[in-house]
Amino acid sequence: MSTLPWPTFWAHIPETDHQPLRDVLSELLRHGVILGDEGSGRDLYRLVRDHYKSEVQSYFAPIGLRLIVVPDPPLLQVQPVPDECDLVARFTQQETLLALVLWRFYDEAQTTNHTKAVLLTANDLWLKCKVVFDRIEPPSPSALRVALARLRRKRLVRFCAVDDSTNTDDILIEVLPTLHRTIDFGSLEEWQKRATAFQSDDEGQLPENSLSL
């Protein structure tokens, strides 16, 4: 039970929904995304979708965040409005490298296969890094795990083990549609321009350019 007063602008919301709405706001502020197809996210997604979409939209609007409610796969996401939101973090260089590669992989999968679930292994990702950024040394296994862990915390990817394997190379990475909206390239040409700027002129060195999220 919160010791702080319930906001007066939400006086119409019944007390039974107070804690679930606190959970919604906490999750969106912490992760930027609520996945509506797993765990407690199912109930939180339905609560906002069915009852409080306008309230949550109004809550985030003053700080330059746009609420997106997606039906398939079900998710809630807050997206920074360009030039209006200052609440953005920075990808590290390794995270930028992986995010750009995953964005391209997801875009290609949607264009060619129109598939909902976009999956690849950690080894597939490492090999694709070598192809897409052929002048940059691909991340080490430990760096790959660290970068993927942060992307997972941001709910841009999620992991599913194959046959209960604990081998990192055997873990499937699902690229979530949240990645495509978080890194909001309008076209493949925009992605190519950003990727070209990221490509290093010095072999083996990562460039300084990084992305915001």
# chains A, B, ... in the order shown; residues from 1 in each chain; ligands from 1
>>> select_by_dssp(residues="stretch 13-96 of chain A", states="strand (DSSP E)", output="MDAnalysis selection string")
chainID A and resid 33:35 65:71 74:80
>>> closest_atom_pairs(of="stretch 61-107 of chain A", to="stretch 116-136 of chain A", cutoff="10 Å", atoms="only C-alpha atoms", output="CSV")
residue,atom,partner,partner_atom,distance
A:Asp72,CA,A:Lys116,CA,8.6
A:Pro73,CA,A:Lys116,CA,7.9
A:Leu97,CA,A:Cys129,CA,7.6
A:Leu98,CA,A:Cys129,CA,7.3
A:Leu100,CA,A:Cys129,CA,9.2
A:Val101,CA,A:Cys129,CA,6.3
A:Leu102,CA,A:Leu125,CA,7.7
A:Arg104,CA,A:Val132,CA,9.1
A:Phe105,CA,A:Val118,CA,8.3
A:Tyr106,CA,A:Val118,CA,6.3
A:Asp107,CA,A:Val118,CA,9.5
>>> atom_distance(atom1="atom CA of A:Arg22", atom2="atom CA of A:Val56")
10.6 Å
>>> atom_distance(atom1="atom CA of A:Glu27", atom2="atom CA of A:Val78")
10.4 Å
>>> closest_residue(among="A:Val33, A:Ala197, A:Cys85, A:Leu4", to="A:Pro177", atoms="only C-alpha atoms")
A:Val33
>>> atom_distance(atom1="atom CA of A:Pro80", atom2="atom CA of A:Ala143")
27.3 Å
>>> residues_around(residues="A:Tyr45", least_positions_apart="3", cutoff="9 Å", atoms="only C-alpha atoms", output="list of chain:residue names")
A:Val24, A:Ile34, A:Leu35, A:Gly36, A:Asp37, A:Ser40, A:Gly41, A:Arg42, A:Val48, A:Arg49, A:Asp50, A:Val69, A:Pro74, A:Leu75, A:Leu76
>>> residues_around(residues="A:Gly32", least_positions_apart="6", cutoff="8 Å", atoms="only C-alpha atoms", output="PDB file with N, CA, C and O atoms, in the first residue's frame")
ATOM      1  N   GLN A  77       3.791   0.119 -25.135  1.00  0.00           N
ATOM      2  CA  GLN A  77       5.121   0.703 -25.239  1.00  0.00           C
ATOM      3  C   GLN A  77       5.001   2.216 -25.177  1.00  0.00           C
ATOM      4  O   GLN A  77       4.062   2.807 -25.727  1.00  0.00           O
ATOM      5  N   VAL A  78       5.940   2.843 -24.467  1.00  0.00           N
ATOM      6  CA  VAL A  78       6.034   4.296 -24.509  1.00  0.00           C
ATOM      7  C   VAL A  78       7.222   4.659 -25.390  1.00  0.00           C
ATOM      8  O   VAL A  78       8.323   4.130 -25.222  1.00  0.00           O
ATOM      9  N   GLN A  79       6.973   5.534 -26.347  1.00  0.00           N
ATOM     10  CA  GLN A  79       7.967   5.881 -27.360  1.00  0.00           C
ATOM     11  C   GLN A  79       8.280   7.374 -27.267  1.00  0.00           C
ATOM     12  O   GLN A  79       7.359   8.203 -27.272  1.00  0.00           O
ATOM     13  N   LYS A 154      15.555  -3.925 -21.644  1.00  0.00           N
ATOM     14  CA  LYS A 154      14.756  -2.901 -22.323  1.00  0.00           C
ATOM     15  C   LYS A 154      13.590  -3.511 -23.095  1.00  0.00           C
ATOM     16  O   LYS A 154      12.812  -2.806 -23.715  1.00  0.00           O
ATOM     17  N   ARG A 155      13.496  -4.860 -23.060  1.00  0.00           N
ATOM     18  CA  ARG A 155      12.434  -5.604 -23.725  1.00  0.00           C
ATOM     19  C   ARG A 155      12.406  -5.345 -25.230  1.00  0.00           C
ATOM     20  O   ARG A 155      11.356  -5.195 -25.852  1.00  0.00           O
TER      21      ARG A 155
END
>>> closest_residue(among="A:Phe198, A:Phe60, A:Phe159, A:Trp10", to="A:Glu84", atoms="only C-alpha atoms")
A:Phe60
>>> select_by_dssp(residues="stretch 10-199 of chain A", states="alpha helix (DSSP H)", output="PyMOL selection string")
chain A and resi 18-31+41-47+53-60+93-112+122-132+141-153+177-182+188-198
>>> write_last_selection(atoms="C-alpha atoms", output="PDB file, in the first residue's frame")
ATOM      1  CA  HIS A  18      -4.911   1.838  -7.989  1.00  0.00           C
ATOM      2  CA  GLN A  19      -2.142  -0.718  -7.476  1.00  0.00           C
ATOM      3  CA  PRO A  20      -2.424  -2.250 -10.982  1.00  0.00           C
ATOM      4  CA  LEU A  21      -2.113   1.227 -12.506  1.00  0.00           C
ATOM      5  CA  ARG A  22       0.909   1.939 -10.315  1.00  0.00           C
ATOM      6  CA  ASP A  23       2.386  -1.284 -11.665  1.00  0.00           C
ATOM      7  CA  VAL A  24       1.658  -0.186 -15.240  1.00  0.00           C
ATOM      8  CA  LEU A  25       3.419   3.149 -14.775  1.00  0.00           C
ATOM      9  CA  SER A  26       6.348   1.580 -12.924  1.00  0.00           C
ATOM     10  CA  GLU A  27       6.900  -1.026 -15.644  1.00  0.00           C
ATOM     11  CA  LEU A  28       6.653   1.501 -18.464  1.00  0.00           C
ATOM     12  CA  LEU A  29       9.002   3.947 -16.745  1.00  0.00           C
ATOM     13  CA  ARG A  30      11.468   1.183 -15.880  1.00  0.00           C
ATOM     14  CA  HIS A  31      11.450  -0.809 -19.121  1.00  0.00           C
ATOM     15  CA  GLY A  41       1.879  -8.307 -18.230  1.00  0.00           C
ATOM     16  CA  ARG A  42      -1.290  -9.973 -19.529  1.00  0.00           C
ATOM     17  CA  ASP A  43      -3.513  -8.379 -16.887  1.00  0.00           C
ATOM     18  CA  LEU A  44      -1.745  -5.012 -17.037  1.00  0.00           C
ATOM     19  CA  TYR A  45      -2.071  -4.911 -20.823  1.00  0.00           C
ATOM     20  CA  ARG A  46      -5.816  -5.676 -20.689  1.00  0.00           C
ATOM     21  CA  LEU A  47      -6.369  -3.119 -17.927  1.00  0.00           C
ATOM     22  CA  LYS A  53      -5.747   3.962 -22.407  1.00  0.00           C
ATOM     23  CA  SER A  54      -6.607   7.685 -22.436  1.00  0.00           C
ATOM     24  CA  GLU A  55      -5.529   8.128 -18.802  1.00  0.00           C
ATOM     25  CA  VAL A  56      -2.116   6.552 -19.383  1.00  0.00           C
ATOM     26  CA  GLN A  57      -1.673   8.494 -22.630  1.00  0.00           C
ATOM     27  CA  SER A  58      -2.382  11.745 -20.794  1.00  0.00           C
ATOM     28  CA  TYR A  59       0.005  10.816 -17.979  1.00  0.00           C
ATOM     29  CA  PHE A  60       2.995  10.388 -20.318  1.00  0.00           C
ATOM     30  CA  GLN A  93      28.939   1.127 -28.817  1.00  0.00           C
ATOM     31  CA  GLN A  94      28.535  -2.650 -28.519  1.00  0.00           C
ATOM     32  CA  GLU A  95      24.795  -2.293 -27.908  1.00  0.00           C
ATOM     33  CA  THR A  96      24.503   0.006 -30.918  1.00  0.00           C
ATOM     34  CA  LEU A  97      26.272  -2.542 -33.080  1.00  0.00           C
ATOM     35  CA  LEU A  98      23.903  -5.323 -32.015  1.00  0.00           C
ATOM     36  CA  ALA A  99      20.802  -3.115 -32.176  1.00  0.00           C
ATOM     37  CA  LEU A 100      21.568  -2.093 -35.766  1.00  0.00           C
ATOM     38  CA  VAL A 101      22.173  -5.699 -36.798  1.00  0.00           C
ATOM     39  CA  LEU A 102      19.022  -6.921 -35.047  1.00  0.00           C
ATOM     40  CA  TRP A 103      16.982  -4.098 -36.619  1.00  0.00           C
ATOM     41  CA  ARG A 104      18.156  -5.158 -40.073  1.00  0.00           C
ATOM     42  CA  PHE A 105      17.502  -8.838 -39.329  1.00  0.00           C
ATOM     43  CA  TYR A 106      13.972  -8.052 -38.115  1.00  0.00           C
ATOM     44  CA  ASP A 107      13.250  -5.801 -41.092  1.00  0.00           C
ATOM     45  CA  GLU A 108      14.404  -8.456 -43.564  1.00  0.00           C
ATOM     46  CA  ALA A 109      12.347 -11.146 -41.839  1.00  0.00           C
ATOM     47  CA  GLN A 110       9.211  -9.020 -41.938  1.00  0.00           C
ATOM     48  CA  THR A 111       9.753  -8.041 -45.568  1.00  0.00           C
ATOM     49  CA  THR A 112      10.525 -11.495 -46.930  1.00  0.00           C
ATOM     50  CA  ALA A 122      23.552 -15.933 -30.530  1.00  0.00           C
ATOM     51  CA  ASN A 123      25.939 -17.553 -33.002  1.00  0.00           C
ATOM     52  CA  ASP A 124      23.746 -16.412 -35.926  1.00  0.00           C
ATOM     53  CA  LEU A 125      23.860 -12.887 -34.518  1.00  0.00           C
ATOM     54  CA  TRP A 126      27.639 -12.966 -34.162  1.00  0.00           C
ATOM     55  CA  LEU A 127      28.030 -14.135 -37.781  1.00  0.00           C
ATOM     56  CA  LYS A 128      25.616 -11.470 -39.022  1.00  0.00           C
ATOM     57  CA  CYS A 129      27.641  -8.814 -37.187  1.00  0.00           C
ATOM     58  CA  LYS A 130      30.698  -9.948 -39.153  1.00  0.00           C
ATOM     59  CA  VAL A 131      28.805  -9.653 -42.450  1.00  0.00           C
ATOM     60  CA  VAL A 132      26.997  -6.354 -41.842  1.00  0.00           C
ATOM     61  CA  PRO A 141      31.140 -13.848 -26.296  1.00  0.00           C
ATOM     62  CA  SER A 142      31.175 -12.016 -22.949  1.00  0.00           C
ATOM     63  CA  ALA A 143      30.496  -8.623 -24.568  1.00  0.00           C
ATOM     64  CA  LEU A 144      27.707 -10.187 -26.604  1.00  0.00           C
ATOM     65  CA  ARG A 145      26.060 -11.542 -23.453  1.00  0.00           C
ATOM     66  CA  VAL A 146      26.324  -8.198 -21.645  1.00  0.00           C
ATOM     67  CA  ALA A 147      24.880  -6.211 -24.559  1.00  0.00           C
ATOM     68  CA  LEU A 148      22.075  -8.714 -25.142  1.00  0.00           C
ATOM     69  CA  ALA A 149      21.224  -8.631 -21.428  1.00  0.00           C
ATOM     70  CA  ARG A 150      20.632  -4.880 -21.567  1.00  0.00           C
ATOM     71  CA  LEU A 151      18.592  -5.151 -24.749  1.00  0.00           C
ATOM     72  CA  ARG A 152      16.568  -7.813 -22.967  1.00  0.00           C
ATOM     73  CA  ARG A 153      16.020  -5.563 -19.931  1.00  0.00           C
ATOM     74  CA  PRO A 177       8.699  -5.508 -32.601  1.00  0.00           C
ATOM     75  CA  THR A 178       9.512  -2.978 -29.878  1.00  0.00           C
ATOM     76  CA  LEU A 179      13.031  -2.740 -31.341  1.00  0.00           C
ATOM     77  CA  HIS A 180      11.715  -1.508 -34.683  1.00  0.00           C
ATOM     78  CA  ARG A 181       9.760   1.270 -32.993  1.00  0.00           C
ATOM     79  CA  THR A 182      12.432   2.214 -30.449  1.00  0.00           C
ATOM     80  CA  LEU A 188      15.971   0.810 -45.031  1.00  0.00           C
ATOM     81  CA  GLU A 189      17.787   3.752 -46.648  1.00  0.00           C
ATOM     82  CA  GLU A 190      17.769   5.583 -43.322  1.00  0.00           C
ATOM     83  CA  TRP A 191      19.134   2.466 -41.625  1.00  0.00           C
ATOM     84  CA  GLN A 192      21.882   2.198 -44.248  1.00  0.00           C
ATOM     85  CA  LYS A 193      22.868   5.814 -43.745  1.00  0.00           C
ATOM     86  CA  ARG A 194      23.107   5.314 -39.978  1.00  0.00           C
ATOM     87  CA  ALA A 195      24.965   2.022 -40.332  1.00  0.00           C
ATOM     88  CA  THR A 196      27.452   3.577 -42.763  1.00  0.00           C
ATOM     89  CA  ALA A 197      28.146   6.379 -40.281  1.00  0.00           C
ATOM     90  CA  PHE A 198      28.670   3.769 -37.581  1.00  0.00           C
TER      91      PHE A 198
END
>>> closest_residue(among="A:Glu137, A:His51, A:Thr92, A:Arg158", to="A:Glu38", atoms="only C-alpha atoms")
A:Arg158
